[in-house]
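Undergrad: One file is attached below, start_23.txt, containing compact mmCIF, C-alpha atoms.
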# COMPACT_ATOMS: atom_id res chain seq x y z
CA MET D 1 53.36 23.72 155.81
CA ASN D 2 50.03 24.94 157.17
CA ASN D 3 47.30 26.55 155.06
CA GLU D 4 48.17 30.09 156.14
CA LYS D 5 51.84 29.75 155.20
CA SER D 6 51.01 28.09 151.89
CA LYS D 7 49.22 31.24 150.74
CA PHE D 8 52.43 33.12 150.15
CA LYS D 9 56.19 33.09 150.19
CA MET D 10 58.52 36.04 150.49
CA ASN D 11 62.21 36.06 149.63
CA GLU D 12 64.69 38.92 149.17
CA ASN D 13 62.90 40.53 146.24
CA THR D 14 59.76 38.54 145.38
CA VAL D 15 56.39 38.36 147.12
CA ILE D 16 53.89 35.80 145.89
CA GLY D 17 50.26 35.05 146.65
CA ARG D 18 47.18 37.26 146.46
CA ASN D 19 46.92 38.26 150.12
CA ALA D 20 50.64 38.87 150.42
CA VAL D 21 50.71 41.13 147.36
CA LEU D 22 47.68 43.06 148.63
CA GLU D 23 49.42 43.61 151.97
CA LEU D 24 52.55 44.75 150.16
CA LEU D 25 50.49 47.29 148.21
CA LYS D 26 49.04 48.60 151.48
CA SER D 27 52.49 48.91 153.04
CA GLY D 28 53.60 51.66 150.68
CA LYS D 29 56.92 49.92 149.96
CA GLU D 30 58.49 50.38 146.53
CA ILE D 31 57.37 47.74 144.02
CA GLU D 32 59.28 47.19 140.78
CA ASN D 33 56.38 45.50 139.00
CA ILE D 34 53.56 43.04 139.52
CA ILE D 35 53.41 39.89 137.41
CA VAL D 36 50.00 38.35 136.73
CA ALA D 37 49.53 34.93 135.14
CA LYS D 38 47.79 35.05 131.77
CA GLY D 39 44.09 34.31 132.17
CA GLU D 40 44.07 35.28 135.88
CA HIS D 41 41.77 38.30 135.84
CA GLU D 42 39.08 37.62 138.42
CA GLY D 43 38.38 38.01 142.12
CA THR D 44 41.25 39.34 144.21
CA ILE D 45 43.48 39.65 141.15
CA LEU D 46 41.23 42.42 139.83
CA LYS D 47 41.63 44.26 143.14
CA ILE D 48 45.42 43.92 142.93
CA ILE D 49 45.47 45.22 139.34
CA ALA D 50 43.25 48.19 140.24
CA GLN D 51 45.40 49.19 143.23
CA ALA D 52 48.61 48.76 141.24
CA ARG D 53 47.32 50.98 138.43
CA GLU D 54 46.24 53.59 140.95
CA LYS D 55 49.79 53.66 142.33
CA GLY D 56 51.36 53.71 138.85
CA ILE D 57 52.99 50.31 139.29
CA VAL D 58 53.86 48.42 136.11
CA ILE D 59 51.77 45.27 135.57
CA LYS D 60 53.17 42.46 133.44
CA ASN D 61 51.36 39.40 132.11
CA ALA D 62 53.34 36.19 132.01
CA ASP D 63 52.94 32.44 131.57
CA ARG D 64 52.31 30.48 134.74
CA LYS D 65 55.67 28.76 134.13
CA LYS D 66 57.48 32.04 134.83
CA LEU D 67 55.59 32.45 138.08
CA ASP D 68 56.30 28.83 138.96
CA PHE D 69 60.00 29.57 138.48
CA LEU D 70 59.90 32.78 140.56
CA SER D 71 58.09 31.03 143.40
CA ALA D 72 60.29 27.92 143.33
CA GLY D 73 57.19 25.73 143.12
CA ALA D 74 55.27 27.40 145.96
CA ASN D 75 51.60 28.33 145.57
CA HIS D 76 51.74 31.76 143.90
CA GLN D 77 47.99 31.93 143.16
CA GLY D 78 48.66 33.58 139.80
CA VAL D 79 50.42 36.71 141.05
CA ALA D 80 53.83 37.91 142.20
CA ALA D 81 55.30 41.30 143.11
CA VAL D 82 58.96 42.11 142.48
CA ILE D 83 60.68 44.42 144.97
CA PRO D 84 63.78 46.38 143.88
CA GLU D 85 67.10 45.27 145.37
CA ARG D 86 67.53 48.77 146.79
CA GLU D 87 65.64 52.05 146.92
CA TYR D 88 65.78 54.41 143.96
CA ASP D 89 67.26 57.89 144.10
CA SER D 90 65.89 60.97 142.35
CA VAL D 91 67.34 62.94 139.44
CA GLU D 92 67.84 65.77 141.93
CA ASP D 93 69.91 63.43 144.11
CA ILE D 94 72.21 62.72 141.15
CA LEU D 95 72.64 66.43 140.36
CA ALA D 96 73.26 67.24 144.02
CA TYR D 97 75.93 64.51 144.22
CA ALA D 98 77.80 65.99 141.24
CA LYS D 99 77.58 69.44 142.82
CA LYS D 100 78.86 68.10 146.14
CA LYS D 101 81.91 66.66 144.36
CA ASN D 102 82.37 69.98 142.55
CA GLU D 103 82.19 68.17 139.22
CA LYS D 104 80.16 68.71 136.08
CA PRO D 105 77.39 66.08 135.93
CA PHE D 106 78.14 62.79 134.18
CA ILE D 107 74.94 60.78 133.81
CA ILE D 108 73.93 57.63 131.93
CA ILE D 109 70.36 57.33 130.62
CA CYS D 110 69.05 53.87 129.71
CA ASP D 111 66.37 53.88 127.03
CA GLU D 112 64.51 50.55 127.27
CA ILE D 113 67.43 48.33 128.29
CA GLU D 114 65.35 45.21 128.94
CA ASP D 115 68.14 42.69 129.46
CA SER D 116 69.01 42.64 133.18
CA ARG D 117 72.59 41.57 132.51
CA ASN D 118 73.12 44.50 130.17
CA LEU D 119 71.76 46.93 132.75
CA GLY D 120 73.95 45.37 135.44
CA ALA D 121 77.01 45.70 133.20
CA ILE D 122 76.17 49.35 132.43
CA ILE D 123 75.84 50.06 136.16
CA ARG D 124 79.21 48.41 136.83
CA THR D 125 81.00 50.40 134.11
CA ALA D 126 79.25 53.66 135.01
CA GLU D 127 80.40 53.39 138.62
CA ALA D 128 83.95 52.49 137.57
CA SER D 129 84.21 55.36 135.07
CA GLY D 130 83.10 58.00 137.55
CA ALA D 131 79.49 58.62 136.48
CA HIS D 132 77.39 60.40 139.09
CA GLY D 133 74.25 58.44 138.37
CA ILE D 134 72.01 56.46 136.06
CA ILE D 135 68.47 57.20 134.93
CA ILE D 136 66.09 54.45 133.79
CA PRO D 137 62.48 54.65 132.57
CA LYS D 138 59.66 53.20 134.62
CA ARG D 139 58.33 51.08 131.74
CA ARG D 140 59.96 48.74 129.22
CA ASN D 141 63.27 48.67 131.07
CA ALA D 142 64.87 46.22 133.45
CA GLY D 143 64.63 47.35 137.06
CA LEU D 144 66.90 46.75 140.01
CA ASN D 145 66.27 43.03 140.26
CA PHE D 146 68.50 40.23 141.53
CA ALA D 147 70.11 39.61 138.11
CA VAL D 148 71.01 43.29 137.77
CA ALA D 149 72.49 43.33 141.26
CA LYS D 150 74.52 40.18 140.57
CA THR D 151 75.87 41.40 137.23
CA SER D 152 76.82 44.80 138.66
CA CYS D 153 79.23 42.99 141.04
CA GLY D 154 78.50 45.34 143.93
CA ALA D 155 78.45 48.59 141.94
CA LEU D 156 74.68 48.83 142.47
CA GLU D 157 75.35 49.89 146.07
CA HIS D 158 77.76 52.67 145.11
CA ILE D 159 75.98 54.67 142.41
CA LYS D 160 72.78 56.70 142.38
CA ILE D 161 69.98 55.34 140.19
CA ALA D 162 66.76 57.20 139.43
CA LYS D 163 63.61 55.77 137.85
CA VAL D 164 61.44 58.25 135.93
CA SER D 165 58.04 58.15 134.25
CA ASN D 166 59.07 60.13 131.17
CA LEU D 167 62.57 60.18 129.70
CA ASN D 168 61.89 63.12 127.39
CA SER D 169 60.75 65.44 130.16
CA THR D 170 63.77 64.30 132.19
CA ILE D 171 66.06 65.15 129.28
CA GLU D 172 64.54 68.64 129.17
CA LYS D 173 65.22 69.01 132.90
CA LEU D 174 68.86 68.01 132.38
CA LYS D 175 69.25 70.52 129.57
CA LYS D 176 68.00 73.27 131.88
CA ASN D 177 70.87 72.30 134.18
CA ASN D 178 73.43 72.95 131.40
CA ILE D 179 73.86 69.26 130.61
CA LEU D 180 74.37 68.23 126.99
CA VAL D 181 72.58 65.00 126.10
CA TYR D 182 74.22 62.59 123.64
CA ALA D 183 72.57 59.55 122.07
CA ALA D 184 74.85 56.58 121.43
CA ASP D 185 73.53 55.41 118.06
CA MET D 186 74.28 54.90 114.38
CA ASP D 187 75.22 57.68 111.95
CA GLY D 188 76.51 60.16 114.52
CA GLU D 189 79.74 62.03 115.12
CA PRO D 190 82.77 59.85 115.97
CA TRP D 191 82.85 59.23 119.72
CA CYS D 192 86.49 60.23 120.00
CA LYS D 193 85.99 63.60 118.26
CA THR D 194 83.20 64.74 120.56
CA ASP D 195 83.88 67.21 123.37
CA PHE D 196 82.55 65.69 126.61
CA SER D 197 84.23 68.18 128.92
CA GLY D 198 81.00 69.82 130.14
CA GLY D 199 77.95 68.39 131.83
CA VAL D 200 77.14 65.17 129.97
CA ALA D 201 74.26 62.71 129.79
CA LEU D 202 74.80 59.67 127.57
CA VAL D 203 71.74 57.79 126.29
CA ALA D 204 72.21 54.05 125.73
CA GLY D 205 69.47 52.48 123.61
CA SER D 206 67.75 49.13 123.73
CA GLU D 207 69.39 45.94 122.50
CA GLY D 208 67.15 45.61 119.44
CA LYS D 209 65.95 49.08 118.44
CA GLY D 210 68.62 51.40 119.75
CA VAL D 211 67.68 54.83 121.06
CA GLY D 212 63.99 55.61 120.51
CA LYS D 213 63.12 58.09 117.75
CA LEU D 214 61.59 60.72 120.05
CA VAL D 215 64.34 60.43 122.65
CA LYS D 216 66.97 60.68 119.92
CA SER D 217 65.35 63.81 118.48
CA ASN D 218 65.50 65.42 121.93
CA CYS D 219 69.21 64.78 122.30
CA ASP D 220 71.73 67.50 121.48
CA ALA D 221 73.85 65.19 119.34
CA VAL D 222 74.44 61.57 118.30
CA VAL D 223 77.77 59.84 118.83
CA SER D 224 78.82 56.64 117.10
CA LEU D 225 81.47 53.95 117.18
CA PRO D 226 83.02 52.64 113.93
CA MET D 227 81.64 49.29 112.78
CA LEU D 228 84.30 47.55 110.69
CA GLY D 229 82.94 44.01 110.68
CA LYS D 230 79.91 42.34 109.15
CA VAL D 231 77.75 42.86 112.25
CA ASN D 232 76.33 46.40 112.34
CA SER D 233 75.68 46.77 116.06
CA LEU D 234 77.31 46.21 119.44
CA ASN D 235 75.94 44.92 122.71
CA ALA D 236 74.33 47.90 124.50
CA SER D 237 76.58 47.65 127.55
CA VAL D 238 79.75 47.31 125.43
CA ALA D 239 78.95 50.36 123.29
CA ALA D 240 78.01 52.43 126.33
CA GLY D 241 81.18 51.30 128.12
CA VAL D 242 83.49 52.46 125.33
CA ILE D 243 81.92 55.93 125.29
CA MET D 244 81.81 56.16 129.11
CA TYR D 245 85.55 55.67 129.22
CA GLU D 246 86.09 58.27 126.50
CA ILE D 247 84.18 60.70 128.74
CA ALA D 248 86.33 59.62 131.70
CA ARG D 249 89.54 60.00 129.63
CA GLN D 250 88.68 63.55 128.63
CA ARG D 251 87.74 64.50 132.18
CA LEU D 252 91.01 63.13 133.52
CA GLY D 253 92.99 64.97 130.81
CA LEU D 254 94.68 61.78 129.61
Could I get this file's structure written as structure tokens?

TA:
Amino acid sequence: MNNEKSKFKMNENTVIGRNAVLELLKSGKEIENIIVAKGEHEGTILKIIAQAREKGIVIKNADRKKLDFLSAGANHQGVAAVIPEREYDSVEDILAYAKKKNEKPFIIICDEIEDSRNLGAIIRTAEASGAHGIIIPKRRNAGLNFAVAKTSCGALEHIKIAKVSNLNSTIEKLKKNNILVYAADMDGEPWCKTDFSGGVALVAGSEGKGVGKLVKSNCDAVVSLPMLGKVNSLNASVAAGVIMYEIARQRLGL
């Protein structure tokens, strides 16, 4: 491998090396996030960080071991950029799709789902249960990476997914479109006694904290599943899946 090629490596969704990441930033292509090795904050890295912040791209600090893993041992020079597996849609795209199908909107909102496998499973179930789209926040949430694509088992290519800067303002937008927003969390109304026949957005919370306090307060109602065992919570994708299929059941009149 010559010196020029050793400066970077590009695979399906990862670009490594300082010059390569700078060129990617110039290209205007969508970037999920940029990962910078801890302690690497000098020279070209500072330029990358500045340009990323200017574009609103999430910057993550990580141990060099993570970058070593992402680059499969190639010379990453302390930086890597992750490209989404596919382009994002907009919230308007999701609403337009529901209108085109002459159906009341059925949307899933992910509030800080950081486990890629959970997000992939939610995407898979959402597509199977007839949801029109999924909304994820720009920060503190898994993006459309390889693990998400793999876990979704192909569903990623068949459902609209929007990434937004502010979930609360997005919730307000949905409400203005006659969509009721439900948080899936503890101490709410039983999931099976809730009327989901209208426009619905279901908020699935993070694995550890559940739905955030502010997001929860902006929801129209909270729906819960019964917890009969000694463990007081369910996996995020499992809980969301049960409620998604209750929404689907009601819409199908079963």

Undergrad: Write out as a compact mmCIF listing (two decimals) with C-alpha atoms, keeping the file's coordinate frame which residues come within 9 Å of region 97-101 of chain D when counting all atoms listed in the file, dropping same-chain ones fewer than 3 positions away.

TA:
# COMPACT_ATOMS: atom_id res chain seq x y z
CA GLU D 92 67.84 65.77 141.93
CA ASP D 93 69.91 63.43 144.11
CA ILE D 94 72.21 62.72 141.15
CA LYS D 104 80.16 68.71 136.08
CA PRO D 105 77.39 66.08 135.93
CA PHE D 106 78.14 62.79 134.18
CA ALA D 131 79.49 58.62 136.48
CA HIS D 132 77.39 60.40 139.09
CA GLY D 133 74.25 58.44 138.37
CA LYS D 160 72.78 56.70 142.38

Undergrad: Rank D:Leu22, D:Ala236, D:Ile171, D:Leu254 by their smallest atom-to-atom distance to Ala184 (chain D), using only C-alpha atoms, and report the top residue only.

TA: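 Residue with the minimum atom-to-atom distance to Ala184 (chain D): D:Ala236.
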
Undergrad: If we count all atoms listed in the file and set the cut-off at 12 Å, which residues sit around Ile49 (chain D), ignoring sequence neighbours fewer than 3 positions away in its own chain? Please answer as a ChimeraX atom specification.

TA: /D:18,21-22,25,33-37,40-46,52-61,79-81

Undergrad: Measure the distance from CA of Gly120 (chain D) to CA of Met186 (chain D) in Å and round it to one decimal.

TA: 23.1 Å

Undergrad: Which residues are close to region 64-66 of chain D, i.e. within 8 Å by all atoms listed in the file, leaving aside same-chain residues fewer than 3 positions away? Reply as a PDB file with C-alpha atoms, in the frame of the given file.

TA:
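Final file, part.pdb:
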ATOM      1  CA  ALA D  37      49.530  34.930 135.140  1.00  0.00           C
ATOM      2  CA  LYS D  38      47.790  35.050 131.770  1.00  0.00           C
ATOM      3  CA  PHE D  69      60.000  29.570 138.480  1.00  0.00           C
ATOM      4  CA  LEU D  70      59.900  32.780 140.560  1.00  0.00           C
ATOM      5  CA  GLY D  78      48.660  33.580 139.800  1.00  0.00           C
TER       6      GLY D  78
END

Undergrad: Between D:Ala221, D:Ala126, D:Ile135, D:Ala147, which one has atoms that come closest to Ile243 (chain D), using only C-alpha atoms?

TA: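 Closest to Ile243 (chain D), using only C-alpha atoms: D:Ala126.
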
Undergrad: If we count only C-alpha atoms, what is near Glu127 (chain D) at a cut-off of 7 Å, once residues fewer than 3 positions away on the same chain are taken out, given as a ChimeraX atom specification?

TA: /D:123-124,130-131,155,159

Undergrad: To one decimal place, how far is CA of Glu85 (chain D) from CA of Asn145 (chain D) in Å?

TA: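 Separation of CA of Glu85 (chain D) and CA of Asn145 (chain D): 5.6 Å.
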
Undergrad: Rank nothing, just name the residue among D:Arg117, D:Val222, D:Ile107, D:Ser233 nearest to Phe146 (chain D), using only C-alpha atoms.

TA: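 Ranked by minimum distance to Phe146 (chain D), first place goes to D:Arg117.
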
Undergrad: Identify which of the residues D:Asn235, D:Thr170, D:Thr125, D:Gln250 lies closest to Asp185 (chain D), counting all atoms listed in the file when measuring atom-to-atom distances.

TA: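 Closest to Asp185 (chain D) of all the choices is D:Asn235.
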
Undergrad: Output, as JSON, the centre and edge lengths in Å (one decimal) of the axis-aligned box that contains all listed atoms of region 24-35 of chain D with 8 Å of margin on each side.

TA:
{"center_x": 54.2, "center_y": 45.8, "center_z": 145.2, "size_x": 26.2, "size_y": 27.8, "size_z": 31.6}
